[in-house]
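Here the structure comes first, spelled out in structure tokens, and everything after it is commentary.
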Amino acid sequence: MTQPATDSHDQTTYPPPADLASGAVATAELYEEAAADRLAFWGRQASELLTWDVEPTEVLDWSAAPFARWFADGRLNAAANCVDRHVAAGRGDRVAFHWVGEPGDTVTTTYAELHAQVQRAANALTDLGVRTGDRVAIYLPMVPEAVVAMLACARIGAPHSVVFSGFSAQALRDRVDDARAVAVITSDGGYRRGEPAPLKPAVDAALEPRDGVESTVRAVLVVQRTKGEVAWTEGRDHWWHEALEAAAPTHEPVSVEAEHPLFVLYTSGSTGKPKGILHTTGGYLTQAAYTHRNVFDLHPETDVYWCGADIGWVTGHTYIVYGPLLNGTTSVMYEGTPNTPTQDRWWQIVEQHGVTKLYTAPTTIRTFMKWGEELVSGHDLSSLQVLGSVGEPINPEAWTWYRRVIGSDRTPVVDTWWQTETGGIMISALPGVTSLKPGSAQVPLPGISVEVVDDEGRVLPAGHEGAGYLVLTEPWPGMLRGIWGDEERYRDTYWSRFAKEGWYFAGDGARRDADGDVWLLGRVDDVMNVSGHRISTTEVESALVSHPSVAEAAVVGASDPTTGQGIVAFVILRENAPRGADGQDVAKALRDHVAREISPIAKPRQVMVVSELPKTRSGKIMRRLLRDVAEDRQVGDVTTLADSSVMATIQAGLQGSRGSED
Ligand code: WTA
């Protein structure tokens, strides 16, 4: 067992376990190789980790910065890399997914079976008129067909746009419209918290004409999961199983250029309109395979890997689908919630499948902490070797609990920092190399260049007391190639802040400790991070003001012990709005309204009815002051307020109106 050591700054660190270090995929030489020649390093990764139809001779073309081209003269197919080549190499019998349904049903899919399904699905899409370059929206719960659907799109070169199945009909329509998707792949429903939850009605609602305008969608493929009643639009709707049955069994993958779009994935920005983050094929896949293999110390012959994310988020794209399949991994995929039917469901699954690598979010870990370690101690989790964390900063207490209780006081915990925009992990320890420091994401991966800088772009050295901004100083293969249909927004959001230096602005605060390790400090823009989900304050504000009772709304993210941040809304009601006895009715109505407009994940934790909002003389809402109120702090400097008495009025009005949670 590894003994924790105390470093010079009185911070406990955990050196790699000796057995893991001696057989580790990644060694310290990786850092040296990448530092010596970064582009040659990435060239080697691309060539070794992927199978190309045409090997690229160029690595990076940055001449049209900030639009990068990686491996641009290479050609390949993503699905063939994820599936066909493993089958061709004689590994068709290896399990790709042990899928576990919430009610307890299971599906085991080998690489050969996946190959057969993806080929049929690719033909089915083609039969429905989907062509290379067309966008396909995927709105599916965590069913095995979700993976098949993504790979089928990739196989025909039709970029997928996966929309989290917890999003509302309206959110789906916004995304379908923005991407001009020609088809939607969905299901009748899925199982969630022990109940079948319908999904198809949301698709039907989303595809209704909006403001008299028809949607761009011509075909809807429906996976049968819950077998409930579904409304059917003849000519447009098709059952997935019937379409696959009718389709030809073999399909030749479409060889695309490395820069061919692989997918668009929408994420919240600091305005109300979600951004379609564009990822292309060769570079993204290189980084997906490289990071998955090295960060999780992946040994495909023996590992059983499980990422607890949803395919609706980038973590699901890169670390459930592309990374693991590229590496020929055997994975677990779980449909439901961690407490259905019992709160130890995850640990039953880990024990049953002998899971060796587990990847989840701090919010989930903190939920398990709340539920108590007794639920874990009844299970044999000795198979676990590496634990990963993603989505938000992990507090040292949760990190230590994760390692001690889940990791049997033995496994490394890698805290991985990255974003939808980066495509893959950027900052993380390597489990066989790095001594771990709870709470810090630590070091950029080999091949990745980051700095922490101040407002003027001056690099903050190791040990600098104050906080700065995290920037990425060199392009990387998995980087976004733009925002779908909005070149200007791409430049503005990421490249204008440090335009002179040519750095990518991540939107995260950070500091570097005396060892040079990076500590992430949360978003510096109007984006909240709730349970690892990015939600913009403006998006929730727009949803609130779309309710007939609301005159004005301001939303802030307040720190929350379980979810990282919780959404707190301050609303001014219209004169004639019904208020209920104590504001509770209206709070509930507004919370439900936001859930319907956006998603239950965007539901405010609290809604506070106020008579005024703090604004600057130019009319800008001072969210900083509202955050002080939401977090029960002394309200900060109010001198820039147009009316300095507003905060006192708000605080007085809020006395006794707390606890509008339900
Ligand atoms: C935050 C999720 C601290 C960060 C992969 C980032 C983190 C945003 C970490 C991206 C981490 C993600 N430590 N913060 N290990 N991982 N974040 O696009 O604010 O859903 O900018 O991608 O989550 O969220 P996204």
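Following the order of the structure tokens, first chain is A, next is B, and so on, with residues numbered from 1 inside each chain and ligands from 1 in the order they appear.
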Polymer residues at most 6 Å from stretch 519-534 of chain A, only C-alpha atoms, same-chain spacing of 3 or more positions, as a list in words: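 Skipping anything fewer than 3 positions along the chain leaves Ser268, Ser270, Thr363, Gly391, Glu392, Ser440, Gly507, Asp508, Gly509, Ala510, Arg511, Thr537, Gly557, Thr563, Gly564, Gln565 and Gly566 of chain A.
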Requested write-out: N, CA, C and O atoms of the selected residues, as a PDB file, in the first residue's frame:
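What follows is the written file out_36.pdb:
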```
ATOM      1  N   SER A 268     -24.004  25.521 -23.051  1.00  0.00           N
ATOM      2  CA  SER A 268     -24.427  26.864 -22.674  1.00  0.00           C
ATOM      3  C   SER A 268     -23.271  27.839 -22.730  1.00  0.00           C
ATOM      4  O   SER A 268     -22.161  27.521 -22.323  1.00  0.00           O
ATOM      5  N   SER A 270     -22.476  32.353 -22.343  1.00  0.00           N
ATOM      6  CA  SER A 270     -22.921  33.390 -21.425  1.00  0.00           C
ATOM      7  C   SER A 270     -24.076  34.203 -21.989  1.00  0.00           C
ATOM      8  O   SER A 270     -24.546  35.125 -21.370  1.00  0.00           O
ATOM      9  N   THR A 363     -20.142  15.748  -7.954  1.00  0.00           N
ATOM     10  CA  THR A 363     -21.469  15.842  -7.370  1.00  0.00           C
ATOM     11  C   THR A 363     -22.010  14.453  -7.020  1.00  0.00           C
ATOM     12  O   THR A 363     -22.653  14.257  -5.995  1.00  0.00           O
ATOM     13  N   GLY A 391     -15.852  17.460 -14.346  1.00  0.00           N
ATOM     14  CA  GLY A 391     -17.047  18.290 -14.440  1.00  0.00           C
ATOM     15  C   GLY A 391     -17.003  19.538 -13.601  1.00  0.00           C
ATOM     16  O   GLY A 391     -17.645  20.524 -13.909  1.00  0.00           O
ATOM     17  N   GLU A 392     -16.287  19.506 -12.505  1.00  0.00           N
ATOM     18  CA  GLU A 392     -16.195  20.660 -11.608  1.00  0.00           C
ATOM     19  C   GLU A 392     -15.017  20.401 -10.674  1.00  0.00           C
ATOM     20  O   GLU A 392     -14.534  19.272 -10.596  1.00  0.00           O
ATOM     21  N   SER A 440      -6.503  19.357  -6.616  1.00  0.00           N
ATOM     22  CA  SER A 440      -5.848  20.015  -7.744  1.00  0.00           C
ATOM     23  C   SER A 440      -5.900  19.097  -8.965  1.00  0.00           C
ATOM     24  O   SER A 440      -5.668  17.895  -8.852  1.00  0.00           O
ATOM     25  N   GLY A 507     -12.385  30.495 -19.802  1.00  0.00           N
ATOM     26  CA  GLY A 507     -13.510  30.947 -18.993  1.00  0.00           C
ATOM     27  C   GLY A 507     -13.470  30.434 -17.563  1.00  0.00           C
ATOM     28  O   GLY A 507     -14.427  30.587 -16.822  1.00  0.00           O
ATOM     29  N   ASP A 508     -12.351  29.818 -17.182  1.00  0.00           N
ATOM     30  CA  ASP A 508     -12.197  29.309 -15.815  1.00  0.00           C
ATOM     31  C   ASP A 508     -11.131  30.102 -15.066  1.00  0.00           C
ATOM     32  O   ASP A 508     -10.092  30.444 -15.633  1.00  0.00           O
ATOM     33  N   GLY A 509     -11.400  30.367 -13.794  1.00  0.00           N
ATOM     34  CA  GLY A 509     -10.386  30.931 -12.923  1.00  0.00           C
ATOM     35  C   GLY A 509      -9.456  29.821 -12.449  1.00  0.00           C
ATOM     36  O   GLY A 509      -9.855  28.661 -12.368  1.00  0.00           O
ATOM     37  N   ALA A 510      -8.193  30.186 -12.170  1.00  0.00           N
ATOM     38  CA  ALA A 510      -7.243  29.161 -11.743  1.00  0.00           C
ATOM     39  C   ALA A 510      -6.099  29.810 -10.973  1.00  0.00           C
ATOM     40  O   ALA A 510      -5.902  31.025 -11.041  1.00  0.00           O
ATOM     41  N   ARG A 511      -5.372  28.998 -10.229  1.00  0.00           N
ATOM     42  CA  ARG A 511      -4.111  29.469  -9.665  1.00  0.00           C
ATOM     43  C   ARG A 511      -3.109  28.333  -9.710  1.00  0.00           C
ATOM     44  O   ARG A 511      -3.472  27.177  -9.929  1.00  0.00           O
ATOM     45  N   THR A 537     -26.761  31.702 -16.865  1.00  0.00           N
ATOM     46  CA  THR A 537     -27.696  32.497 -16.073  1.00  0.00           C
ATOM     47  C   THR A 537     -28.736  33.147 -16.990  1.00  0.00           C
ATOM     48  O   THR A 537     -29.920  33.164 -16.671  1.00  0.00           O
ATOM     49  N   GLY A 557     -25.529  31.665  -9.574  1.00  0.00           N
ATOM     50  CA  GLY A 557     -25.134  30.355  -9.069  1.00  0.00           C
ATOM     51  C   GLY A 557     -24.564  30.552  -7.679  1.00  0.00           C
ATOM     52  O   GLY A 557     -23.604  31.275  -7.508  1.00  0.00           O
ATOM     53  N   THR A 563     -24.268  19.941  -5.086  1.00  0.00           N
ATOM     54  CA  THR A 563     -24.276  20.104  -6.546  1.00  0.00           C
ATOM     55  C   THR A 563     -23.202  21.074  -7.047  1.00  0.00           C
ATOM     56  O   THR A 563     -23.165  21.373  -8.234  1.00  0.00           O
ATOM     57  N   GLY A 564     -22.325  21.529  -6.173  1.00  0.00           N
ATOM     58  CA  GLY A 564     -21.301  22.490  -6.590  1.00  0.00           C
ATOM     59  C   GLY A 564     -21.873  23.887  -6.563  1.00  0.00           C
ATOM     60  O   GLY A 564     -21.522  24.712  -5.741  1.00  0.00           O
ATOM     61  N   GLN A 565     -22.787  24.156  -7.503  1.00  0.00           N
ATOM     62  CA  GLN A 565     -23.551  25.397  -7.457  1.00  0.00           C
ATOM     63  C   GLN A 565     -25.032  25.052  -7.529  1.00  0.00           C
ATOM     64  O   GLN A 565     -25.417  24.029  -8.093  1.00  0.00           O
ATOM     65  N   GLY A 566     -25.843  25.913  -6.929  1.00  0.00           N
ATOM     66  CA  GLY A 566     -27.288  25.780  -7.033  1.00  0.00           C
ATOM     67  C   GLY A 566     -27.801  27.055  -7.669  1.00  0.00           C
ATOM     68  O   GLY A 566     -27.205  28.124  -7.528  1.00  0.00           O
TER      69      GLY A 566
END
```
Shell of 7 Å around A:Arg512, only C-alpha atoms, local chain residues under 4 positions omitted, as a list in words: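 With the cut-off at 7 Å, the set is Ala462, Gly463, His464, Gly516, Asp517, Val518 and Trp519 of chain A.
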Just write the chosen residues, all heavy atoms, as a PDB file, in the first residue's frame.
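To be explicit, this is the file written out as selection.pdb:
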```pdb
ATOM      1  N   ALA A 462       4.449  29.981 -10.639  1.00  0.00           N
ATOM      2  CA  ALA A 462       4.136  29.019  -9.580  1.00  0.00           C
ATOM      3  C   ALA A 462       4.233  29.715  -8.228  1.00  0.00           C
ATOM      4  O   ALA A 462       5.147  30.510  -7.995  1.00  0.00           O
ATOM      5  CB  ALA A 462       5.113  27.855  -9.647  1.00  0.00           C
ATOM      6  N   GLY A 463       3.282  29.457  -7.377  1.00  0.00           N
ATOM      7  CA  GLY A 463       3.322  30.010  -6.030  1.00  0.00           C
ATOM      8  C   GLY A 463       2.733  31.398  -5.918  1.00  0.00           C
ATOM      9  O   GLY A 463       2.613  31.936  -4.819  1.00  0.00           O
ATOM     10  N   HIS A 464       2.323  31.994  -7.035  1.00  0.00           N
ATOM     11  CA  HIS A 464       1.713  33.317  -6.995  1.00  0.00           C
ATOM     12  C   HIS A 464       0.421  33.241  -6.186  1.00  0.00           C
ATOM     13  O   HIS A 464      -0.408  32.365  -6.409  1.00  0.00           O
ATOM     14  CB  HIS A 464       1.425  33.790  -8.428  1.00  0.00           C
ATOM     15  CG  HIS A 464       0.815  35.146  -8.506  1.00  0.00           C
ATOM     16  ND1 HIS A 464       1.578  36.285  -8.563  1.00  0.00           N
ATOM     17  CD2 HIS A 464      -0.475  35.546  -8.496  1.00  0.00           C
ATOM     18  CE1 HIS A 464       0.770  37.332  -8.605  1.00  0.00           C
ATOM     19  NE2 HIS A 464      -0.484  36.914  -8.554  1.00  0.00           N
ATOM     20  N   GLY A 516       3.754  24.409  -8.998  1.00  0.00           N
ATOM     21  CA  GLY A 516       3.316  24.612 -10.380  1.00  0.00           C
ATOM     22  C   GLY A 516       2.023  23.886 -10.694  1.00  0.00           C
ATOM     23  O   GLY A 516       1.530  23.943 -11.823  1.00  0.00           O
ATOM     24  N   ASP A 517       1.447  23.191  -9.706  1.00  0.00           N
ATOM     25  CA  ASP A 517       0.192  22.473  -9.956  1.00  0.00           C
ATOM     26  C   ASP A 517      -0.969  23.451 -10.115  1.00  0.00           C
ATOM     27  O   ASP A 517      -1.049  24.457  -9.403  1.00  0.00           O
ATOM     28  CB  ASP A 517      -0.113  21.500  -8.810  1.00  0.00           C
ATOM     29  CG  ASP A 517       0.735  20.247  -8.901  1.00  0.00           C
ATOM     30  OD1 ASP A 517       1.011  19.804 -10.030  1.00  0.00           O
ATOM     31  OD2 ASP A 517       1.138  19.725  -7.840  1.00  0.00           O
ATOM     32  N   VAL A 518      -1.881  23.112 -11.037  1.00  0.00           N
ATOM     33  CA  VAL A 518      -3.015  23.983 -11.342  1.00  0.00           C
ATOM     34  C   VAL A 518      -4.209  23.630 -10.447  1.00  0.00           C
ATOM     35  O   VAL A 518      -4.557  22.460 -10.303  1.00  0.00           O
ATOM     36  CB  VAL A 518      -3.422  23.850 -12.828  1.00  0.00           C
ATOM     37  CG1 VAL A 518      -4.636  24.724 -13.141  1.00  0.00           C
ATOM     38  CG2 VAL A 518      -2.255  24.200 -13.741  1.00  0.00           C
ATOM     39  N   TRP A 519      -4.808  24.650  -9.868  1.00  0.00           N
ATOM     40  CA  TRP A 519      -6.046  24.518  -9.100  1.00  0.00           C
ATOM     41  C   TRP A 519      -7.121  25.281  -9.842  1.00  0.00           C
ATOM     42  O   TRP A 519      -6.963  26.483 -10.073  1.00  0.00           O
ATOM     43  CB  TRP A 519      -5.872  25.100  -7.677  1.00  0.00           C
ATOM     44  CG  TRP A 519      -4.887  24.339  -6.839  1.00  0.00           C
ATOM     45  CD1 TRP A 519      -3.534  24.310  -7.016  1.00  0.00           C
ATOM     46  CD2 TRP A 519      -5.182  23.489  -5.724  1.00  0.00           C
ATOM     47  NE1 TRP A 519      -2.964  23.478  -6.069  1.00  0.00           N
ATOM     48  CE2 TRP A 519      -3.961  22.964  -5.257  1.00  0.00           C
ATOM     49  CE3 TRP A 519      -6.370  23.113  -5.063  1.00  0.00           C
ATOM     50  CZ2 TRP A 519      -3.882  22.091  -4.165  1.00  0.00           C
ATOM     51  CZ3 TRP A 519      -6.287  22.258  -3.978  1.00  0.00           C
ATOM     52  CH2 TRP A 519      -5.052  21.747  -3.546  1.00  0.00           C
TER      53      TRP A 519
END
```
Residues near A:Ala152, cut-off 6 Å, only C-alpha atoms, skip fewer than 4 positions along chain, as a PyMOL selection string: chain A and resi 118+121-122+148
Dump N, CA, C and O atoms for the selected residues as a CSV table (one decimal), in the first residue's frame?
```
chain,number,residue,atom,x,y,z
A,118,VAL,N,-24.2,-1.6,-36.3
A,118,VAL,CA,-23.8,-0.2,-36.9
A,118,VAL,C,-23.9,-0.3,-38.4
A,118,VAL,O,-24.4,0.7,-39.0
A,121,ALA,N,-27.6,0.0,-39.2
A,121,ALA,CA,-28.1,1.3,-38.8
A,121,ALA,C,-27.7,2.3,-39.9
A,121,ALA,O,-28.4,3.2,-40.3
A,122,ALA,N,-26.4,2.2,-40.3
A,122,ALA,CA,-25.9,3.1,-41.4
A,122,ALA,C,-26.7,2.9,-42.6
A,122,ALA,O,-27.1,3.9,-43.3
A,148,VAL,N,-24.9,2.8,-31.0
A,148,VAL,CA,-25.1,2.4,-32.4
A,148,VAL,C,-25.4,3.6,-33.2
A,148,VAL,O,-24.9,3.7,-34.3
```
Nearest-residue call for A:Ala205, choices A:Met142, A:Ala169, A:Leu544, A:Met150, using only C-alpha atoms: A:Ala169
Selected residue of minimal separation from A:Trp313 among A:Asp585, A:Asp204, A:Asp409, A:Glu421, counting only C-alpha atoms: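 Closest to A:Trp313 of all the choices is A:Glu421.
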For A:Thr330: contacts at 9 Å, only C-alpha atoms, fewer than 5 positions along chain excluded, given as a list in words: Arg94, Val95, Ala96, Phe97, His98, Thr110, Pro300, Glu301, Thr302, Asp303, Val304, Tyr305, Trp306, Pro324 and Leu325 of chain A
Export of the given selection (N, CA and C atoms) as a compact mmCIF listing (two decimals), in the first residue's frame:
```txt
# COMPACT_ATOMS: atom_id res chain seq x y z
N ARG A 94 -14.72 -9.94 -28.19
CA ARG A 94 -14.55 -9.14 -26.97
C ARG A 94 -15.83 -8.34 -26.72
N VAL A 95 -16.20 -8.20 -25.46
CA VAL A 95 -17.39 -7.42 -25.12
C VAL A 95 -17.07 -5.93 -25.25
N ALA A 96 -17.90 -5.22 -25.99
CA ALA A 96 -17.76 -3.77 -26.06
C ALA A 96 -18.52 -3.14 -24.89
N PHE A 97 -19.77 -3.59 -24.70
CA PHE A 97 -20.59 -3.03 -23.62
C PHE A 97 -21.33 -4.09 -22.84
N HIS A 98 -21.19 -4.01 -21.53
CA HIS A 98 -22.12 -4.70 -20.63
C HIS A 98 -23.13 -3.63 -20.27
N THR A 110 -20.92 -7.64 -28.09
CA THR A 110 -19.51 -7.81 -28.47
C THR A 110 -19.17 -6.84 -29.60
N PRO A 300 -6.61 -2.80 -22.51
CA PRO A 300 -7.89 -3.25 -23.07
C PRO A 300 -8.17 -4.74 -22.90
N GLU A 301 -7.12 -5.55 -22.76
CA GLU A 301 -7.34 -7.00 -22.66
C GLU A 301 -7.98 -7.35 -21.32
N THR A 302 -7.69 -6.55 -20.29
CA THR A 302 -8.12 -6.96 -18.95
C THR A 302 -9.06 -5.98 -18.26
N ASP A 303 -9.07 -4.74 -18.71
CA ASP A 303 -9.85 -3.75 -17.98
C ASP A 303 -11.36 -3.87 -18.23
N VAL A 304 -12.12 -3.48 -17.21
CA VAL A 304 -13.56 -3.25 -17.38
C VAL A 304 -13.78 -1.81 -16.91
N TYR A 305 -14.16 -0.98 -17.85
CA TYR A 305 -14.17 0.46 -17.61
C TYR A 305 -15.61 0.94 -17.55
N TRP A 306 -15.85 1.91 -16.67
CA TRP A 306 -17.22 2.45 -16.56
C TRP A 306 -17.18 3.96 -16.37
N PRO A 324 -13.15 4.96 -25.44
CA PRO A 324 -13.13 3.54 -25.08
C PRO A 324 -13.19 2.62 -26.31
N LEU A 325 -14.03 2.91 -27.28
CA LEU A 325 -14.15 2.01 -28.42
C LEU A 325 -12.88 2.05 -29.28
```
Shell around A:Gln348 at 8 Å using only C-alpha atoms, local window under 4 positions removed, as a list in words: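 Listed by chain and then number, they are Asp344, Gln352 and His379 of chain A.
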Output file for the residues above (all heavy atoms, as a PDB file, in the first residue's frame):
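Okay, this is what ended up in out00.pdb:
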```pdb
ATOM      1  N   ASP A 344     -27.263   1.439  -3.330  1.00  0.00           N
ATOM      2  CA  ASP A 344     -25.964   0.809  -3.604  1.00  0.00           C
ATOM      3  C   ASP A 344     -25.923   0.198  -5.004  1.00  0.00           C
ATOM      4  O   ASP A 344     -25.095  -0.653  -5.290  1.00  0.00           O
ATOM      5  CB  ASP A 344     -25.628  -0.248  -2.547  1.00  0.00           C
ATOM      6  CG  ASP A 344     -26.650  -1.378  -2.526  1.00  0.00           C
ATOM      7  OD1 ASP A 344     -27.733  -1.232  -3.127  1.00  0.00           O
ATOM      8  OD2 ASP A 344     -26.352  -2.408  -1.892  1.00  0.00           O
ATOM      9  N   GLN A 352     -20.335  -6.861  -9.572  1.00  0.00           N
ATOM     10  CA  GLN A 352     -20.775  -7.895 -10.503  1.00  0.00           C
ATOM     11  C   GLN A 352     -19.907  -7.959 -11.752  1.00  0.00           C
ATOM     12  O   GLN A 352     -19.593  -9.037 -12.241  1.00  0.00           O
ATOM     13  CB  GLN A 352     -22.228  -7.629 -10.892  1.00  0.00           C
ATOM     14  CG  GLN A 352     -22.823  -8.791 -11.667  1.00  0.00           C
ATOM     15  CD  GLN A 352     -24.173  -8.412 -12.253  1.00  0.00           C
ATOM     16  OE1 GLN A 352     -24.768  -7.390 -11.902  1.00  0.00           O
ATOM     17  NE2 GLN A 352     -24.654  -9.241 -13.159  1.00  0.00           N
ATOM     18  N   HIS A 379     -19.898  -4.177  -0.221  1.00  0.00           N
ATOM     19  CA  HIS A 379     -19.549  -4.684  -1.551  1.00  0.00           C
ATOM     20  C   HIS A 379     -18.043  -4.829  -1.714  1.00  0.00           C
ATOM     21  O   HIS A 379     -17.277  -4.059  -1.150  1.00  0.00           O
ATOM     22  CB  HIS A 379     -20.089  -3.735  -2.621  1.00  0.00           C
ATOM     23  CG  HIS A 379     -21.584  -3.679  -2.624  1.00  0.00           C
ATOM     24  ND1 HIS A 379     -22.358  -4.630  -3.240  1.00  0.00           N
ATOM     25  CD2 HIS A 379     -22.450  -2.820  -2.043  1.00  0.00           C
ATOM     26  CE1 HIS A 379     -23.635  -4.350  -3.050  1.00  0.00           C
ATOM     27  NE2 HIS A 379     -23.715  -3.249  -2.327  1.00  0.00           N
TER      28      HIS A 379
END
```
DSSP-assigned strand (DSSP E or B) among stretch 178-291 of chain A, expressed as an MDAnalysis selection string: chainID A and resid 183:187 189:192 195:198 210 213 219:223 237:239 256:257 261:267 275:280
Expected file: the selected residues, N, CA and C atoms, as a short mmCIF file (atom, residue, chain, number, x, y, z; two decimals), in the first residue's frame:
```
data_model
loop_
_atom_site.label_atom_id
_atom_site.label_comp_id
_atom_site.auth_asym_id
_atom_site.auth_seq_id
_atom_site.Cartn_x
_atom_site.Cartn_y
_atom_site.Cartn_z
N ALA A 183 -32.90 14.45 -39.60
CA ALA A 183 -33.52 13.28 -38.97
C ALA A 183 -33.31 13.35 -37.46
N VAL A 184 -34.19 12.67 -36.73
CA VAL A 184 -34.03 12.55 -35.27
C VAL A 184 -34.09 11.07 -34.92
N ILE A 185 -33.16 10.64 -34.08
CA ILE A 185 -33.23 9.27 -33.56
C ILE A 185 -33.61 9.38 -32.08
N THR A 186 -34.73 8.72 -31.73
CA THR A 186 -35.23 8.85 -30.36
C THR A 186 -35.76 7.50 -29.89
N SER A 187 -36.48 7.49 -28.78
CA SER A 187 -37.09 6.24 -28.32
C SER A 187 -38.49 6.54 -27.80
N GLY A 189 -39.37 5.80 -24.91
CA GLY A 189 -39.11 6.31 -23.56
C GLY A 189 -37.89 5.64 -22.97
N GLY A 190 -37.72 5.78 -21.67
CA GLY A 190 -36.62 5.13 -20.97
C GLY A 190 -37.02 4.94 -19.53
N TYR A 191 -36.20 4.22 -18.79
CA TYR A 191 -36.51 4.02 -17.37
C TYR A 191 -35.70 4.97 -16.52
N ARG A 192 -36.38 5.61 -15.60
CA ARG A 192 -35.75 6.59 -14.73
C ARG A 192 -36.47 6.52 -13.38
N GLU A 195 -39.48 4.09 -13.04
CA GLU A 195 -40.68 4.28 -13.85
C GLU A 195 -40.29 4.44 -15.31
N PRO A 196 -41.15 3.94 -16.22
CA PRO A 196 -40.91 4.29 -17.61
C PRO A 196 -41.25 5.76 -17.84
N ALA A 197 -40.34 6.49 -18.47
CA ALA A 197 -40.58 7.91 -18.73
C ALA A 197 -40.68 8.10 -20.24
N PRO A 198 -41.81 8.61 -20.74
CA PRO A 198 -41.97 8.77 -22.19
C PRO A 198 -41.04 9.84 -22.75
N ARG A 210 -43.23 25.77 -35.98
CA ARG A 210 -43.02 26.80 -34.96
C ARG A 210 -43.10 28.16 -35.64
N VAL A 213 -43.38 27.84 -39.15
CA VAL A 213 -42.28 27.28 -39.95
C VAL A 213 -42.11 25.80 -39.62
N ALA A 219 -37.32 12.64 -41.14
CA ALA A 219 -37.51 11.26 -40.66
C ALA A 219 -37.21 11.16 -39.17
N VAL A 220 -38.00 10.34 -38.49
CA VAL A 220 -37.77 10.08 -37.07
C VAL A 220 -37.66 8.57 -36.88
N LEU A 221 -36.54 8.14 -36.32
CA LEU A 221 -36.34 6.72 -36.03
C LEU A 221 -36.60 6.52 -34.54
N VAL A 222 -37.44 5.54 -34.20
CA VAL A 222 -37.86 5.38 -32.81
C VAL A 222 -37.43 4.02 -32.26
N VAL A 223 -36.55 4.06 -31.27
CA VAL A 223 -36.11 2.84 -30.60
C VAL A 223 -37.22 2.42 -29.63
N ASP A 237 -42.32 8.82 -39.17
CA ASP A 237 -41.82 7.99 -38.07
C ASP A 237 -41.56 6.55 -38.52
N HIS A 238 -40.49 6.00 -38.02
CA HIS A 238 -40.13 4.61 -38.35
C HIS A 238 -39.58 3.95 -37.10
N TRP A 239 -39.99 2.69 -36.85
CA TRP A 239 -39.38 1.97 -35.74
C TRP A 239 -37.95 1.62 -36.09
N VAL A 256 -13.63 9.71 -44.89
CA VAL A 256 -13.74 11.18 -44.92
C VAL A 256 -12.39 11.83 -44.64
N GLU A 257 -12.29 13.10 -44.96
CA GLU A 257 -11.09 13.87 -44.62
C GLU A 257 -11.00 14.00 -43.11
N PRO A 261 -16.59 17.13 -40.33
CA PRO A 261 -17.28 17.24 -39.04
C PRO A 261 -17.76 15.88 -38.53
N LEU A 262 -17.43 15.59 -37.27
CA LEU A 262 -17.89 14.34 -36.66
C LEU A 262 -19.17 14.60 -35.86
N PHE A 263 -19.16 15.70 -35.10
CA PHE A 263 -20.40 16.02 -34.38
C PHE A 263 -20.47 17.48 -33.99
N VAL A 264 -21.70 17.87 -33.68
CA VAL A 264 -21.98 19.17 -33.09
C VAL A 264 -22.58 18.86 -31.73
N LEU A 265 -22.14 19.53 -30.69
CA LEU A 265 -22.73 19.31 -29.37
C LEU A 265 -22.98 20.68 -28.75
N TYR A 266 -24.23 20.91 -28.36
CA TYR A 266 -24.61 22.23 -27.85
C TYR A 266 -24.26 22.35 -26.38
N THR A 267 -23.75 23.52 -26.03
CA THR A 267 -23.43 23.79 -24.63
C THR A 267 -23.78 25.23 -24.34
N LYS A 275 -24.47 27.20 -27.74
CA LYS A 275 -23.48 27.19 -28.82
C LYS A 275 -23.33 25.77 -29.35
N GLY A 276 -23.35 25.61 -30.66
CA GLY A 276 -23.10 24.29 -31.24
C GLY A 276 -21.60 24.10 -31.42
N ILE A 277 -21.02 23.36 -30.51
CA ILE A 277 -19.56 23.16 -30.56
C ILE A 277 -19.25 22.11 -31.62
N LEU A 278 -18.41 22.51 -32.57
CA LEU A 278 -18.11 21.63 -33.70
C LEU A 278 -16.80 20.87 -33.49
N HIS A 279 -16.88 19.57 -33.62
CA HIS A 279 -15.67 18.73 -33.58
C HIS A 279 -15.54 17.96 -34.88
N THR A 280 -14.30 17.80 -35.32
CA THR A 280 -14.05 17.08 -36.56
C THR A 280 -13.41 15.72 -36.24
#
```
Spatial neighbours of A:Tyr290, max dist 10 Å, only C-alpha atoms, sep filter under 4 positions, as a list in words: Trp42, Gln45, Ala46, Glu48, Leu49, Leu50, Tyr284, Leu285, Thr286, Asn294, Val295, Gly323, Leu326, Asn327, Gly424 and Ile425 of chain A
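When only C-alpha atoms are used to compute distances to A:Thr473, the closest of the residues A:Pro548, A:Pro66, A:Pro438, A:Pro17 turns out to be A:Pro66.
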